[in-house]
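Q: Data file coords-v9.csv (CSV, C-alpha atoms) is appended below.
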```csv
chain,number,residue,atom,x,y,z
H,1,MET,CA,-14.7,23.1,-16.3
H,2,ALA,CA,-16.4,19.9,-17.7
H,3,GLN,CA,-17.1,16.9,-15.5
H,4,SER,CA,-14.6,14.9,-17.4
H,5,SER,CA,-11.9,17.4,-16.5
H,6,THR,CA,-13.0,17.0,-12.8
H,7,ILE,CA,-12.5,13.3,-13.0
H,8,GLN,CA,-9.3,13.6,-14.9
H,9,LEU,CA,-7.9,15.7,-12.1
H,10,LEU,CA,-8.4,12.7,-9.8
H,11,THR,CA,-7.2,10.0,-12.1
H,12,ARG,CA,-3.5,10.8,-12.2
H,13,SER,CA,-3.0,9.2,-8.8
H,14,TRP,CA,-4.3,9.3,-5.2
H,15,ILE,CA,-5.2,12.4,-3.3
H,16,ARG,CA,-3.3,13.9,-0.4
H,17,PRO,CA,-4.4,16.5,2.1
H,18,THR,CA,-3.3,20.1,1.3
H,19,ASP,CA,-3.3,22.9,3.9
H,20,CYS,CA,-4.6,26.1,2.3
H,21,THR,CA,-5.2,28.1,5.5
H,22,LYS,CA,-2.5,30.8,4.9
H,23,TRP,CA,-3.4,31.2,1.3
H,24,SER,CA,-7.0,31.6,2.2
H,25,GLN,CA,-6.3,34.2,4.8
H,26,GLU,CA,-4.3,36.3,2.3
H,27,TRP,CA,-7.0,35.9,-0.3
H,28,PHE,CA,-9.7,37.1,2.1
H,29,LYS,CA,-7.5,40.1,3.2
H,30,ASN,CA,-7.1,41.2,-0.4
H,31,GLU,CA,-10.5,40.2,-1.9
H,32,LEU,CA,-12.8,41.5,0.8
H,33,LEU,CA,-11.8,45.1,0.6
H,34,LEU,CA,-15.0,45.9,-1.1
H,35,SER,CA,-16.7,49.3,-1.7
H,36,GLU,CA,-20.4,49.8,-2.2
H,37,GLY,CA,-21.3,53.5,-2.7
H,38,PRO,CA,-20.2,55.6,0.3
H,39,VAL,CA,-19.5,52.4,2.4
H,40,ARG,CA,-16.4,50.3,2.1
H,41,ILE,CA,-14.5,47.5,3.9
H,42,GLU,CA,-11.5,49.4,5.2
H,43,SER,CA,-9.6,46.4,6.6
H,44,VAL,CA,-9.8,42.7,7.3
H,45,GLY,CA,-8.9,41.9,10.8
H,46,GLU,CA,-8.9,38.5,12.6
H,47,ILE,CA,-9.5,35.4,10.5
H,48,GLU,CA,-10.1,32.4,12.6
H,49,GLY,CA,-10.3,28.9,11.2
H,50,LEU,CA,-8.6,26.5,8.7
H,51,CYS,CA,-8.8,25.1,5.2
H,52,GLU,CA,-7.6,21.7,4.2
H,53,LEU,CA,-8.2,20.0,0.9
H,54,GLY,CA,-8.0,16.2,0.9
H,55,MET,CA,-9.3,13.1,2.6
H,56,ARG,CA,-9.1,13.8,6.3
H,57,LYS,CA,-11.7,16.5,6.7
H,58,ALA,CA,-14.7,14.5,5.6
H,59,LYS,CA,-17.3,16.9,7.0
H,60,CYS,CA,-15.7,20.3,6.5
H,61,ILE,CA,-12.8,21.2,4.5
H,62,TYR,CA,-12.8,24.9,5.4
H,63,ASP,CA,-14.4,26.9,8.2
H,64,PHE,CA,-13.6,30.5,9.0
H,65,LYS,CA,-14.8,33.4,11.2
H,66,ILE,CA,-13.8,36.7,9.6
H,67,THR,CA,-13.9,40.1,11.3
H,68,MET,CA,-13.8,43.2,9.0
H,69,ARG,CA,-13.8,47.0,9.6
H,70,TRP,CA,-16.2,49.2,7.6
H,71,GLU,CA,-16.1,52.9,7.1
H,72,ALA,CA,-18.3,55.5,5.5
H,73,ASP,CA,-17.7,59.2,4.7
H,74,LEU,CA,-20.4,61.5,6.1
H,75,SER,CA,-21.6,64.7,4.6
H,76,ASP,CA,-20.1,66.8,7.5
H,77,GLY,CA,-16.6,65.5,6.8
H,78,GLU,CA,-16.6,63.0,9.6
H,79,LYS,CA,-16.5,59.2,9.3
H,80,ALA,CA,-18.7,56.5,10.5
H,81,SER,CA,-17.3,53.1,11.2
H,82,GLY,CA,-17.8,49.7,12.8
H,83,ASP,CA,-17.3,46.0,12.5
H,84,ILE,CA,-18.8,43.3,10.3
H,85,THR,CA,-18.2,39.7,11.5
H,86,ALA,CA,-18.9,36.8,9.2
H,87,LEU,CA,-19.8,34.2,11.7
H,88,GLU,CA,-19.3,31.1,9.5
H,89,VAL,CA,-17.7,30.8,6.1
H,90,MET,CA,-18.0,27.1,5.3
H,91,HIS,CA,-18.0,25.0,2.2
H,92,ASP,CA,-21.5,23.7,2.7
H,93,LEU,CA,-23.3,27.0,2.9
H,94,ASP,CA,-25.3,28.5,0.0
H,95,GLU,CA,-24.8,32.2,-0.8
H,96,SER,CA,-27.9,33.2,1.2
H,97,ASP,CA,-26.8,31.3,4.3
H,98,TYR,CA,-23.9,33.5,5.4
H,99,THR,CA,-24.8,35.5,8.6
H,100,PHE,CA,-23.1,38.5,10.1
H,101,GLU,CA,-22.9,40.5,13.3
H,102,TYR,CA,-22.6,44.3,13.0
H,103,THR,CA,-21.5,47.3,15.1
H,104,CYS,CA,-21.7,51.0,14.4
H,105,ASN,CA,-19.8,53.6,16.4
H,106,SER,CA,-21.9,56.7,15.4
H,107,SER,CA,-25.3,57.8,16.6
H,108,LYS,CA,-25.8,60.3,13.8
H,109,LYS,CA,-28.9,59.8,11.7
H,110,GLU,CA,-26.9,59.8,8.4
H,111,ALA,CA,-24.6,57.2,9.9
H,112,LYS,CA,-27.5,55.0,11.0
H,113,ASP,CA,-29.1,55.2,7.6
H,114,LEU,CA,-25.9,54.2,5.9
H,115,PHE,CA,-25.5,51.4,8.4
H,116,GLU,CA,-29.0,50.0,7.9
H,117,ASN,CA,-29.2,50.4,4.1
H,118,ASN,CA,-25.6,50.1,2.9
H,119,VAL,CA,-23.7,48.1,5.4
H,120,LYS,CA,-26.4,45.5,6.4
H,121,LYS,CA,-27.9,45.2,2.9
H,122,THR,CA,-25.7,46.2,0.0
H,123,LEU,CA,-22.2,45.6,1.5
H,124,SER,CA,-23.3,42.3,3.1
H,125,LYS,CA,-24.7,41.1,-0.3
H,126,ALA,CA,-21.4,41.8,-1.9
H,127,LEU,CA,-19.6,39.9,0.8
H,128,ARG,CA,-21.8,36.9,0.4
H,129,ALA,CA,-21.1,36.8,-3.4
H,130,LYS,CA,-17.3,37.0,-2.6
H,131,PHE,CA,-17.6,34.1,-0.1
H,132,HIS,CA,-19.4,32.1,-2.7
H,133,GLU,CA,-16.7,32.8,-5.2
H,134,TYR,CA,-13.9,31.7,-2.8
H,135,PRO,CA,-14.2,27.8,-3.2
H,136,LYS,CA,-14.1,28.0,-6.9
H,137,VAL,CA,-10.9,30.0,-6.9
H,138,LEU,CA,-9.5,27.7,-4.2
H,139,MET,CA,-10.0,24.6,-6.4
H,140,GLU,CA,-8.6,26.4,-9.5
H,141,THR,CA,-5.5,27.4,-7.6
H,142,HIS,CA,-4.8,24.4,-5.4
H,143,GLY,CA,-6.6,21.4,-7.0
H,144,ASN,CA,-3.5,20.1,-8.7
H,145,GLN,CA,-1.5,20.2,-5.4
H,146,MET,CA,-3.8,17.4,-4.1
H,147,ILE,CA,-2.4,15.0,-6.7
H,148,VAL,CA,0.6,12.7,-6.0
H,149,ASP,CA,2.5,11.3,-8.9
H,150,PRO,CA,2.6,7.5,-8.2
H,151,ASN,CA,5.9,7.2,-10.1
H,152,SER,CA,7.6,9.5,-7.6
H,153,ILE,CA,6.6,7.4,-4.6
H,154,SER,CA,8.3,4.1,-3.9
H,155,GLN,CA,6.0,3.2,-1.0
H,156,PRO,CA,2.2,3.8,-0.5
H,157,PRO,CA,1.3,6.9,1.5
H,158,SER,CA,1.4,6.7,5.3
H,159,GLY,CA,-1.6,4.9,6.6
H,160,ALA,CA,-2.2,3.0,3.4
H,161,GLN,CA,-2.9,-0.7,4.0
H,162,THR,CA,-3.2,-3.8,1.9
H,163,PRO,CA,-4.5,-7.3,2.8
H,164,ALA,CA,-1.4,-8.9,4.3
H,165,GLY,CA,-0.1,-12.1,2.8
H,166,THR,CA,-0.5,-14.0,6.0
H,167,ALA,CA,-3.2,-11.9,7.9
H,168,PRO,CA,-5.2,-9.4,5.9
H,169,SER,CA,-5.6,-6.2,7.9
H,170,PRO,CA,-9.3,-5.3,8.1
H,171,GLY,CA,-8.8,-1.6,8.9
H,172,PRO,CA,-10.0,-0.1,12.2
H,173,SER,CA,-11.6,-2.9,14.2
H,174,ALA,CA,-14.2,-0.5,15.7
H,175,SER,CA,-15.5,0.5,12.2
H,176,PRO,CA,-19.0,-0.9,11.7
H,177,ALA,CA,-20.1,-2.5,8.4
H,178,PRO,CA,-21.8,0.0,6.1
H,179,SER,CA,-25.5,0.5,6.5
H,180,GLY,CA,-27.4,-2.0,4.4
H,181,SER,CA,-24.6,-4.6,4.3
H,182,ALA,CA,-25.9,-8.1,4.7
H,183,GLY,CA,-24.6,-10.7,7.1
H,184,VAL,CA,-23.4,-14.2,6.3
H,185,LYS,CA,-25.8,-16.5,4.5
H,186,PRO,CA,-26.1,-20.2,5.5
H,187,SER,CA,-23.2,-22.2,4.3
H,188,THR,CA,-23.3,-24.4,1.2
H,189,LYS,CA,-21.1,-27.1,-0.2
H,190,THR,CA,-18.5,-26.5,-2.9
H,191,GLU,CA,-17.3,-29.1,-5.4
H,192,SER,CA,-14.9,-30.2,-2.6
H,193,ALA,CA,-16.8,-32.0,0.0
H,194,ALA,CA,-14.2,-31.0,2.6
H,195,LEU,CA,-14.9,-27.3,2.3
H,196,ASN,CA,-18.0,-25.5,3.4
H,197,THR,CA,-18.6,-21.9,2.1
H,198,SER,CA,-20.7,-18.9,2.7
H,199,THR,CA,-21.6,-15.6,1.1
H,200,VAL,CA,-21.0,-12.1,2.3
H,201,LYS,CA,-22.1,-8.7,1.0
H,202,VAL,CA,-21.3,-5.0,1.5
H,203,ASP,CA,-22.5,-1.9,-0.2
H,204,GLY,CA,-22.0,1.9,-0.2
H,205,ALA,CA,-23.4,4.9,-2.0
H,206,PHE,CA,-21.1,7.3,-4.0
H,207,MET,CA,-21.8,10.8,-5.3
H,208,VAL,CA,-20.6,10.0,-8.9
H,209,THR,CA,-22.1,8.4,-11.9
H,210,ALA,CA,-22.1,4.7,-12.5
H,211,GLU,CA,-19.9,5.2,-15.5
H,212,ASP,CA,-17.3,7.1,-13.5
H,213,LEU,CA,-17.4,4.7,-10.6
H,214,TRP,CA,-17.0,1.8,-13.0
H,215,SER,CA,-13.9,3.5,-14.4
H,216,PHE,CA,-12.4,3.7,-10.9
H,217,LEU,CA,-13.1,0.0,-10.4
H,218,THR,CA,-11.9,-1.4,-13.7
H,219,ASP,CA,-9.3,1.0,-15.2
H,220,GLU,CA,-5.9,-0.3,-14.0
H,221,THR,CA,-4.5,3.3,-14.2
H,222,LYS,CA,-7.1,4.5,-11.8
H,223,VAL,CA,-7.4,1.6,-9.4
H,224,PRO,CA,-4.2,2.6,-7.6
H,225,MET,CA,-5.9,5.8,-6.5
H,226,TRP,CA,-7.8,3.8,-3.9
H,227,THR,CA,-5.8,0.6,-3.5
H,228,ARG,CA,-2.5,2.5,-3.1
H,229,ASN,CA,-0.8,-0.3,-5.1
H,230,PRO,CA,-0.3,-1.1,-8.8
H,231,ALA,CA,-3.1,-3.1,-10.2
H,232,LYS,CA,-3.7,-5.5,-13.1
H,233,ILE,CA,-7.3,-5.6,-14.3
H,234,LYS,CA,-9.3,-5.2,-17.5
H,235,PRO,CA,-13.1,-5.4,-17.8
H,236,GLU,CA,-12.9,-8.3,-20.3
H,237,PRO,CA,-13.9,-11.9,-19.8
H,238,GLY,CA,-10.8,-14.0,-19.1
H,239,ALA,CA,-8.6,-11.1,-18.0
H,240,GLU,CA,-6.4,-11.7,-15.0
H,241,ILE,CA,-6.8,-9.6,-11.8
H,242,SER,CA,-4.1,-8.7,-9.4
H,243,MET,CA,-4.6,-6.1,-6.7
H,244,PHE,CA,-3.2,-5.0,-3.3
H,245,GLY,CA,0.3,-6.0,-4.0
H,246,ASN,CA,-0.8,-9.3,-5.6
H,247,ASN,CA,-2.6,-10.3,-2.4
H,248,ILE,CA,-5.9,-10.4,-4.2
H,249,VAL,CA,-6.0,-12.4,-7.5
H,250,GLY,CA,-8.6,-13.7,-9.8
H,251,LYS,CA,-10.0,-13.7,-13.4
H,252,VAL,CA,-12.9,-11.9,-15.0
H,253,ILE,CA,-15.8,-14.2,-15.7
H,254,SER,CA,-18.4,-11.8,-17.2
H,255,VAL,CA,-18.9,-8.1,-17.9
H,256,ASP,CA,-22.0,-5.9,-18.4
H,257,ALA,CA,-20.4,-2.4,-18.3
H,258,PRO,CA,-21.1,-0.2,-16.4
H,259,LYS,CA,-23.5,-2.2,-14.3
H,260,LYS,CA,-22.0,-5.5,-13.4
H,261,MET,CA,-18.9,-7.6,-13.4
H,262,VAL,CA,-18.3,-11.1,-12.1
H,263,SER,CA,-14.9,-12.5,-11.3
H,264,THR,CA,-13.1,-15.1,-9.4
H,265,TRP,CA,-11.5,-13.8,-6.2
H,266,ARG,CA,-8.9,-15.2,-3.8
H,267,ALA,CA,-7.5,-13.9,-0.5
H,268,PRO,CA,-4.0,-15.0,0.7
H,269,THR,CA,-5.4,-16.6,3.9
H,270,TRP,CA,-7.8,-18.9,2.0
H,271,PRO,CA,-7.0,-22.6,1.4
H,272,GLU,CA,-4.6,-23.2,-1.4
H,273,GLY,CA,-6.2,-23.2,-4.8
H,274,HIS,CA,-9.6,-22.1,-3.6
H,275,PHE,CA,-11.3,-19.1,-5.3
H,276,GLY,CA,-14.5,-17.3,-4.4
H,277,GLU,CA,-16.7,-15.4,-6.8
H,278,LEU,CA,-17.1,-11.6,-6.6
H,279,THR,CA,-20.1,-10.0,-8.2
H,280,THR,CA,-19.7,-6.2,-8.5
H,281,ILE,CA,-23.0,-4.4,-9.1
H,282,LEU,CA,-23.4,-0.6,-9.8
H,283,SER,CA,-26.9,0.8,-9.5
H,284,GLN,CA,-27.3,4.5,-10.4
H,285,GLY,CA,-30.0,6.6,-8.8
H,286,SER,CA,-31.0,10.2,-9.2
H,287,ASP,CA,-28.3,11.6,-7.0
H,288,SER,CA,-25.8,8.8,-6.3
H,289,THR,CA,-24.6,5.4,-7.4
H,290,THR,CA,-24.8,2.3,-5.1
H,291,LEU,CA,-21.9,-0.2,-5.3
H,292,THR,CA,-22.8,-3.7,-4.1
H,293,LEU,CA,-20.1,-6.3,-3.6
H,294,ARG,CA,-21.3,-9.9,-3.2
H,295,LEU,CA,-18.6,-12.5,-2.5
H,296,SER,CA,-19.7,-16.1,-2.6
H,297,LYS,CA,-17.8,-19.3,-1.9
H,298,VAL,CA,-16.1,-17.8,1.2
H,299,PRO,CA,-14.6,-20.5,3.3
H,300,VAL,CA,-16.5,-21.0,6.6
H,301,GLY,CA,-14.5,-19.2,9.3
H,302,LYS,CA,-13.3,-16.5,6.9
H,303,GLU,CA,-16.7,-14.7,6.6
H,304,ASP,CA,-15.9,-11.9,9.0
H,305,GLU,CA,-12.5,-11.4,7.6
H,306,ALA,CA,-13.8,-11.2,4.1
H,307,GLU,CA,-16.6,-8.8,4.9
H,308,ARG,CA,-14.2,-6.5,6.8
H,309,ASN,CA,-11.7,-6.5,4.0
H,310,LEU,CA,-14.4,-5.7,1.4
H,311,ASP,CA,-15.7,-2.9,3.5
H,312,ALA,CA,-12.3,-1.4,4.4
H,313,PHE,CA,-10.3,-1.9,1.2
H,314,TYR,CA,-13.1,-1.4,-1.3
H,315,ILE,CA,-16.0,0.6,0.1
H,316,LYS,CA,-14.1,2.9,2.5
H,317,SER,CA,-11.2,3.5,0.2
H,318,LEU,CA,-13.5,4.3,-2.7
H,319,LYS,CA,-15.5,6.6,-0.5
H,320,GLN,CA,-12.3,8.7,0.1
H,321,ILE,CA,-12.0,9.2,-3.6
H,322,GLY,CA,-15.8,9.7,-4.0
H,323,LEU,CA,-15.7,12.4,-1.3
H,324,ILE,CA,-13.3,14.6,-3.3
H,325,VAL,CA,-15.2,14.0,-6.6
H,326,GLY,CA,-18.4,15.1,-4.7
H,327,LEU,CA,-16.8,18.2,-3.2
H,328,ILE,CA,-15.2,19.4,-6.5
H,329,ALA,CA,-18.5,18.7,-8.2
H,330,ALA,CA,-20.4,20.7,-5.6
H,331,PHE,CA,-18.0,23.6,-6.0
H,332,LEU,CA,-18.2,23.6,-9.8
H,333,TYR,CA,-21.8,22.5,-10.4
H,334,GLY,CA,-23.8,23.3,-7.2
H,335,PRO,CA,-25.8,21.0,-5.0
H,336,SER,CA,-27.1,18.9,-8.0
H,337,GLY,CA,-23.6,17.7,-8.7
H,338,PRO,CA,-22.3,16.0,-11.9
H,339,LEU,CA,-25.1,13.5,-12.0
H,340,LYS,CA,-27.3,16.2,-13.4
H,341,ARG,CA,-25.8,16.2,-16.9
```
Spit out the file's structure as structure tokens when you get a sec.
A:
Amino acid sequence: MAQSSTIQLLTRSWIRPTDCTKWSQEWFKNELLLSEGPVRIESVGEIEGLCELGMRKAKCIYDFKITMRWEADLSDGEKASGDITALEVMHDLDESDYTFEYTCNSSKKEAKDLFENNVKKTLSKALRAKFHEYPKVLMETHGNQMIVDPNSISQPPSGAQTPAGTAPSPGPSASPAPSGSAGVKPSTKTESAALNTSTVKVDGAFMVTAEDLWSFLTDETKVPMWTRNPAKIKPEPGAEISMFGNNIVGKVISVDAPKKMVSTWRAPTWPEGHFGELTTILSQGSDSTTLTLRLSKVPVGKEDEAERNLDAFYIKSLKQIGLIVGLIAAFLYGPSGPLKR
């Protein structure tokens, strides 16, 4: 699956959590019945854990502990058996990272030899390969279920917020500004002698290319993925901007795709007719792209509000989308991700 296909999967609309625990349990019960020479997995027993695709499980989308029963036919017609327990089957493990606990119920030398050479080595290797295959099959089977058609939803998903027309909601008040975000600079005078202004800045790193992040920021068919509202925007000088239910408006001043865009920007609580200037900068590194938002001409007294809104409605909302892109890329391309073209 090409990187463009991965991004296209996410550009139809926003992403919703999808519980895949039951499907995963059935998949393991069927796919882990492996056989390696005289040793086989006879049954899959208890499967503890959960699997959820989507935005809520930022650190772990699946985590299982799986107990299996192994058997082997001995030369005297008897059977040797025991348990294999995969202690952690998690999305962030490499194939060599899976660990097991083993038991063997026979004291015969032949059984012990099979246990040491076939169960602990050969069969365990086959299980590791199967665990490594699981996330790819998971995404192929359930990736499309994460997509919500915006045309079928009259209201934004539960929990979605927009800057209110009278009092923009800054998101959770306890959430700190992202690391590296700057504070408020000393105020300066605007053309209007009656209005003092300041500048605020926030930034965040995303596991996507600058080109892909630029697309999320400037393509009005993709912007609703993270704003949860229809958007009007084009990366062209003079183009009008309307976002968050028309609560944020402005016009594009200059464009240097996919690195920089400057636009006017106005919040609903600002003095009538006053616009700030938002500079959007994308800096691509070796393994991530940094997005910097610098908003100047912010009315004094509105700095904290502006910084919170930029952090909550731009950086944090985009990070939710960036998380899924990164996870899908990790599943499909490995740790290097899609930045290693």
Q: Could you pull the residues within 10 Å of Ser124 (chain H), counting all atoms listed in the file, minus those fewer than 3 positions along the same chain, as an mmCIF file with C-alpha atoms, in the coordinates of the input?
A:
```
data_model
loop_
_atom_site.group_PDB
_atom_site.id
_atom_site.type_symbol
_atom_site.label_atom_id
_atom_site.label_comp_id
_atom_site.auth_asym_id
_atom_site.auth_seq_id
_atom_site.Cartn_x
_atom_site.Cartn_y
_atom_site.Cartn_z
ATOM 1 C CA LEU H 34 -15.000 45.900 -1.100
ATOM 2 C CA GLU H 36 -20.400 49.800 -2.200
ATOM 3 C CA ILE H 84 -18.800 43.300 10.300
ATOM 4 C CA ALA H 86 -18.900 36.800 9.200
ATOM 5 C CA TYR H 98 -23.900 33.500 5.400
ATOM 6 C CA THR H 99 -24.800 35.500 8.600
ATOM 7 C CA PHE H 100 -23.100 38.500 10.100
ATOM 8 C CA ASN H 118 -25.600 50.100 2.900
ATOM 9 C CA VAL H 119 -23.700 48.100 5.400
ATOM 10 C CA LYS H 120 -26.400 45.500 6.400
ATOM 11 C CA LYS H 121 -27.900 45.200 2.900
ATOM 12 C CA LEU H 127 -19.600 39.900 0.800
ATOM 13 C CA ARG H 128 -21.800 36.900 0.400
ATOM 14 C CA ALA H 129 -21.100 36.800 -3.400
ATOM 15 C CA LYS H 130 -17.300 37.000 -2.600
#
```
Q: Could you give me, as a list in words, the residues within 10 Å of Glu31 (chain H), counting all atoms listed in the file and dropping anything in the same chain fewer than 2 positions from it?
A: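 Listed by chain and then number, they are Gln25, Glu26, Trp27, Phe28, Lys29, Leu33, Leu34, Val44, Leu127, Lys130, Phe131 and Tyr134 of chain H.
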Q: For Lys297 (chain H), which residue among H:Pro224, H:Gly82, H:Gly285, H:Pro271 is the nearest when counting only C-alpha atoms?
A: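 Once distances to Lys297 (chain H) are computed over only C-alpha atoms, the minimum belongs to H:Pro271.
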Q: Neighbourhood query: residues within 10 Å of (-25.4, 50.8, 16.2), file coordinates, counting all atoms listed in the file; return as a list of chain:residue names.
A: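 Residues satisfying the cut-off, written out: H:Ser81, H:Gly82, H:Tyr102, H:Thr103, H:Cys104, H:Asn105, H:Ser106, H:Ser107, H:Lys108, H:Ala111, H:Lys112, H:Phe115, H:Glu116.
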Q: Have a look at H:Val89, H:Leu318, H:Ile248, H:Val200 and name the one nearest to Gly301 (chain H); count only C-alpha atoms.
A: H:Val200
Q: Hey, can you check how far CA of Tyr62 (chain H) sits from CA of Thr141 (chain H)?
A: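 Going from CA of Tyr62 (chain H) over to CA of Thr141 (chain H), I get 15.1 Å.
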Q: Give me the residues near Lys259 (chain H) as a VMD selection string, where near means some atom within 6 Å (using only C-alpha atoms) and where sequence neighbours in that chain fewer than 3 positions away do not count.
A: chain H and resid 256 281 to 282
Q: One decimal, Å: what's the distance from CA of Glu46 (chain H) over to CA of Trp70 (chain H), could you say?
A: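 Between these atoms lies a distance of 13.9 Å.
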